[in-house]
Structure formats: C-alpha cells, structure tokens
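Visitor: Just passing along the structure, written as structure tokens.
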Amino acid sequence: MSWIQHLILAPILLPMVVAGLMLVIDGRNGRITAALGVASTFALLVIAIVLLVQASTGGAQSAVQVYQIGNWPSRLGIVLALDRLSAMMLALTALLATAAMVFSLARWHQAGSFFHPLFQVLLVGLNGAFLTGDLFNLFVFFEIMLAASYGLALHGSGHARVKAGLHYIAVNLVASSAFLIGVSLIYGATGSLNMADIASRIGDLDAHGAMLFRVGAAVLGVAFLVKAAIWPLGFWLPTTYAAAGPPVAAMFAIMTKVGVYAILRLGLLFTPDGQGNVLAASGLLLTGGVITIIYGMLGMLASQAMARLAGFSVLVSSGTLLAVMGAGNANVFSATLYYLVSSTLAIAAFFMLIELAERGRARADDVLAVTLEAYGIVYDEDSENSREAGAAVPAILGILGIAFMACALLLSGLPPLSGFIAKFAMLDALLDQARNGPAPASAWAAWLLVATLVVSGLATLIAMMRAGIRTFWPSFEREAPRVSMIELGPVLVLLALCVGLTIQAGPAMRFVRHTTEQLAERKLYMDAVLKKPVAATLAPAAGPAPPADARNARAPVLPPQKKEAAR
Amino acid sequence: MEPVIAIAIGVLTGSGVWLVLRPRTFQVIVGLSLISYAVNLFIFSMGRLKVGAPTFTESPGGASALADPVPQALVLTAIVISFAMTALLLVVTIASRGLTGSDHVDGREDGL
C-alpha cells in the first residue's frame, strides 16, 4: 500500500529521470536512447492505466488522491492531485506517446538530434500539467512542455519548420507572460497559489479583491485560450502542426487539449458556490468556439496539402470543445469529454497516416491534380492509363485507404465510429437544452451550436473526401508507398482504440459521466486537498519522527500570514 | 513608490509590445525580453510594495511587517524560464537567418 500512494509521482519523475539519463549516456540517437525511450513510454502507459483504475474505482464518489510533495501541509507546499479527469488525460497522453514513439522508431527519430530526450521532457510537462494542484506549478509544467515542444517542432529542421517554429515560439512566449500576469494577480488577490485554497477563498474576497481576482482569471484564461487555439489567438496552429514531423504533430494533438483541460479544471473550481457554470456566464467561450469551428472548417475546405487539413481539423476539434463547454448545461460536459478522447485519438492517427499515404507520391502530382480539378479535365478512360485498370490495388494502399476512411468518419462524426457517438451525445444534450432551457438566450445558443456542429461535420466530410480521392484514386500511376509494420501499427492501434470506444460506448460514457459529476462537486476536490493530513512519518523504519501536529505547528512560520500581508 | 513602479511596468510593457509587433527578429527578441522584465516587476508588486522589510526573521511586528517571500520565489523561477526561452529563441532566429538569408520574421522581405 505504501508504494502505491507514491505512484502518482511516477508520471513526472520517470520521464524526467530517463531524459536525464539519455543525455548522460550519449544524447544522440543511439540504440540505447531509443530503447530507454520505448521502455519509459511503455512503463508510463502501464502506470497511467493503474492510476486510471485507482482513480475510477467507486463511481462518481471515487476519492481524489492527493500527494503532498515533501510532506508539507497542502496550503504551504505543492500538491499533486489525481482525480478522474487527470487520470483520463494521463492515460490519453500515455496512449498517444506510445503510438508516436513506436512510429518515430522507423525513421523519424533519426531526422535530427535529441529526439528522445525532448520527447521524454514533453511527457514530463504534459503529465505534470494534468497532475498538479498548484497554479504556479502549472505554469512551470506548461513551460517544460512548451520548451520541449519548441525543440520537437523544429525536429528535422528545414525552412518551413524553422519559419513556423519562430512564430510558434514568439506567440507562446507572449502567452506565457500573460499566464504569469494572471497567476500573480490571483496571488495578489487571494494570497494563495494552491488551486483548492484559492477556490475556498473566493467567497471571502472584498469588492477590490474580487475585481483583482476576476482580472487575473481573465488574463489567465487568455493564456489558456492561446494554447487551445481559439479563433483570434490560434493562427499559429495550422502552420506549425503541418510543418512538424508526423509523430511530433501526433503528440501536439494533445497539447491543445491541455489548454482545454486547464480551462475546464480552473473554470469549474473557481466558480463561486451557487453561481452555476462560470464557463457559460459571458458567452465568450461559446462565441469564440463557434467562430473557431467556422474558421477551422473553411481552412479545411481551402487546404490543398493534407497536413494543413489535419492542422485545421485540430482547430475544429478544439473549437467544438470550447463552444460546447461554453454552451451552458453540465450534461453536455460528459459528451464533451468523450469527444475529447475520440477526436484526439483520431487526429493523432490522421497526422501519422498522412505521412504514410503521401509517401511515394511526387510533389508534382499535387499540382497536377489541383490543376486537373480546376480545369475540369477528365482523363480519357481509353488512354494509356486504362492499361492498369485490371490490376489490383496493392494491399498496403487498401489498408491505408481504410484507415483514411476511418479517420474521415471519426473527424466528421458519421456512424458507425466513436466520432458519431460523441457528436450524437453532444447534439442530444444541446437539443435538450434548446427545448427545456431555462432562458431563451441559452436555447438560442444551443440551436446555434447544433447548426454549427452539423455544418462542420459536412464540411469535414467534403474536405476529407476530396483529399482522399486525390491521394488514393489518382488518375495517373503511382507506386505503392513503402510502409513498414512499425509505422502502420501505431496508426491502426489508435484507430482500433476508437473502434473500442464505439463498442464499449456504454462503459466509456458512464466513466465520463461520473467524471463530470466528480468535477461538478468541487467540494470533493477542495476537501481532499485542504483537509489531507500530513503523513506522520516519511519512512516507518527511520526512527522516531516528529508527530504530525508538531510539523503542522512549525510549518506555518515559514510563509507569513498571507491574508495579513495582503492588506 | 507605487506610481514609479506602475510607470516602469507600463513603459516596459508598452515598448515590449511595440517591439514584438515589429518585422525584424531581433526587435521581437528585445520586445519579448522587455515584456518579461515588466512581468517580473509586476509579480514583485503583487506581493505588495514594502521598503526595507526582511523576509525571514523574528520580527516584533508579526507577519505583516515582513516582505512576502512567495513572489520573490516566483520571480526567480520566472527569470530563469524567460532567460532560457530567450536563449532558445535566439538559436531559432540564427537558424532562420542562416536558412532564409533574411532577418524578417516571415523569412522574406516585404514585396518580394
């Protein structure tokens, strides 16, 4: 029992230690670093699943696990907190990481130096951001994640990557400044950095403090929205994601979801008691999200290259999440979480699939295909091309084509895959809100969102079909791409997971419903963090340790009484 | 003291934002550095401004006579992180200059 309560540290410590070890051993892409990377990523997957099982036992009332680093009391030290949402995100990260890692082994990790250490550091940042219960610590993990992502975005170098990377880094550095301003404003208003502690103090703020707090939360929200790439703040995303190497882009698919996660977590936690859903209060998330969907949709229709199309599909996905979160009723949240998992898996698979499908296809084909389309030239069936008419499509193209079709179904939300279930659940909850909503405004919001979701599905389908026809049914000869099993495997596994989500939709939906119920009970999280007693001894065998109450009495001397300092 | 700090933060942020919006990579880097200085000062001021107050000591005035140590720790972290990020951005800028032969943020001059 004693080791299992320390397991919550493993998702942060393991990749951190492994990354350091890789640098010590040789840092370049030797066999040892690759082996270490694979071992660490697979171990993380196992750990994430164990944590997921731990966090989800006991339905909606399942306990929030809290880990006090250095055994400091919660208000003073940094805590890690694991609830169902964090556990879900950890598992999703680990799944994507495993797939991307295996995929990269075929050749991508050789494209530049230090792929494996950077990959592990990215995992440290992601896992830390999902686990931490401290606002400033969240900033630090965001920065770790971003620093690694800057390196990974540039992995493989080249003109397009460096240019896109420069924009990406500049935008995110400005966003990090906004993050810091928000955090310090909130600290100035509440005198605390612990999320649960801040939440418990919101009610006691005077008018001046409450104003400071709101400004701080708004600035913080802007920083998260840049990460989530909401419309006016997300122009950096398609270029960067399209330029990044496929395994990197697949990992980046979860990075926009970190912004969404932070908004969801803090938005619900910082809602004063009895004020309903703060995320829907201003209508900003809804409006921004809807515009993001429309922008992403138009971008998808306009893209010629498949990588750009995938980049815009990330925008559609995160716009959908933000808009639905901002639409109002809490019933939608569970459908949103299901959509989050399904769309992240699908987008990651899509990014990796693109590279395989476009392999062996000359760049000139693209231009030619576009020109042909534009001028309406149809190849004469009796011309030289019809010689090959009887030849079977090579098996690999068939498999890639089916995988592509699965991606198209998932992204556009058509039956029978999990994208449909996610969209259906969201539409169902929204229609319910439209009919029985408390206010006409919320009904309008629901109708607007329903319309946008349906239209965006159609646009996605059109864009995907066009790209698919151009890639898999070219009107001229192409050689079958040479694809190794190690590359095809991860794509198929990710898609199989989506199929699994479809077949096991009942249990999955139950899981996300319990997750939203747990999120809505913010007292649960706050009590778990704030009322957690300090462990009496760190190691039972280490002789007589000071009793818990002595530690408690001694500890508060260190930081001054922040409430008083604030006056 | 408050107006001085407020004006300093305002001037730094204003110049920083203006520089970030300029087309040359060097200007962007200087702008980002100025913004990060402004943010660091801002974090300090969120612990309330005090002159000559110690952070750790047994003082007769109680906790309220002490300077708040938490923002100081935060600033330290923020300085380190922004320093590292600036270094990283410089490297990318040099790479971009080498690949494109231009120090424009888009890698090519306007009108070309």
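Ligands are numbered from 1 in the order shown, chains are lettered A, B, ... in the order of the structure tokens, and residues start at 1 in each chain.
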Restrict the distance test to only C-alpha atoms, flag each residue of chain B within 6 Å of chain A, and return the flagged residues as a VMD selection string.
Guide: chain B and resid 43 46 63 to 64 96
Visitor: Which residues, written as a PyMOL selection string, have at least one atom at most 8 Å from range 115-132 of chain A, with only C-alpha atoms counted and residues fewer than 4 positions away on the same chain left out?
Guide: chain A and resi 11-13+15-16+18-20+22-23+27+29+33-34+37+78-82+86+89-90+93+97+109-110+137-138+141-149+151-152+155+255+258+261
Visitor: Calculate how many Å separate CA of Phe103 in chain A from CA of Val316 in chain A, rounding to one decimal.
Guide: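 Rounded to one decimal, the two atoms are 25.0 Å apart.
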Visitor: If you run DSSP over the backbone, which residues in chain B end up helix (DSSP H, G or I)? Put them as number ranges by chain.
Guide: B: 2-20, 25-46, 63-65, 69-100
Visitor: Would you mind reading off the distance between CA of Arg308 in chain A and CA of Tyr241 in chain A, one decimal, in Å?
Guide: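 CA of Tyr241 in chain A lies 7.6 Å from CA of Arg308 in chain A.
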Visitor: Do you know which residues are at most 10 Å from range 49-51 of chain B counting only C-alpha atoms, after dropping those on the same chain fewer than 5 positions away, and could you put them as a VMD selection string?
Guide: chain B and resid 1 to 2 5 44 65 to 68
Visitor: Save out the residues we just selected, C-alpha atoms, as an mmCIF file, in the first residue's frame.
Guide:
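The resulting file, part.cif, is reproduced below:
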```cif
data_model
loop_
_atom_site.group_PDB
_atom_site.id
_atom_site.type_symbol
_atom_site.label_atom_id
_atom_site.label_comp_id
_atom_site.auth_asym_id
_atom_site.auth_seq_id
_atom_site.Cartn_x
_atom_site.Cartn_y
_atom_site.Cartn_z
ATOM 1 C CA MET B 1 6.826 54.390 -4.845
ATOM 2 C CA GLU B 2 3.710 52.842 -6.374
ATOM 3 C CA ILE B 5 6.763 51.061 -10.292
ATOM 4 C CA PHE B 44 7.006 41.566 -7.290
ATOM 5 C CA ALA B 65 5.925 43.510 8.915
ATOM 6 C CA LEU B 66 7.647 41.007 6.645
ATOM 7 C CA ALA B 67 8.027 41.204 2.917
ATOM 8 C CA ASP B 68 6.148 38.439 1.128
#
```
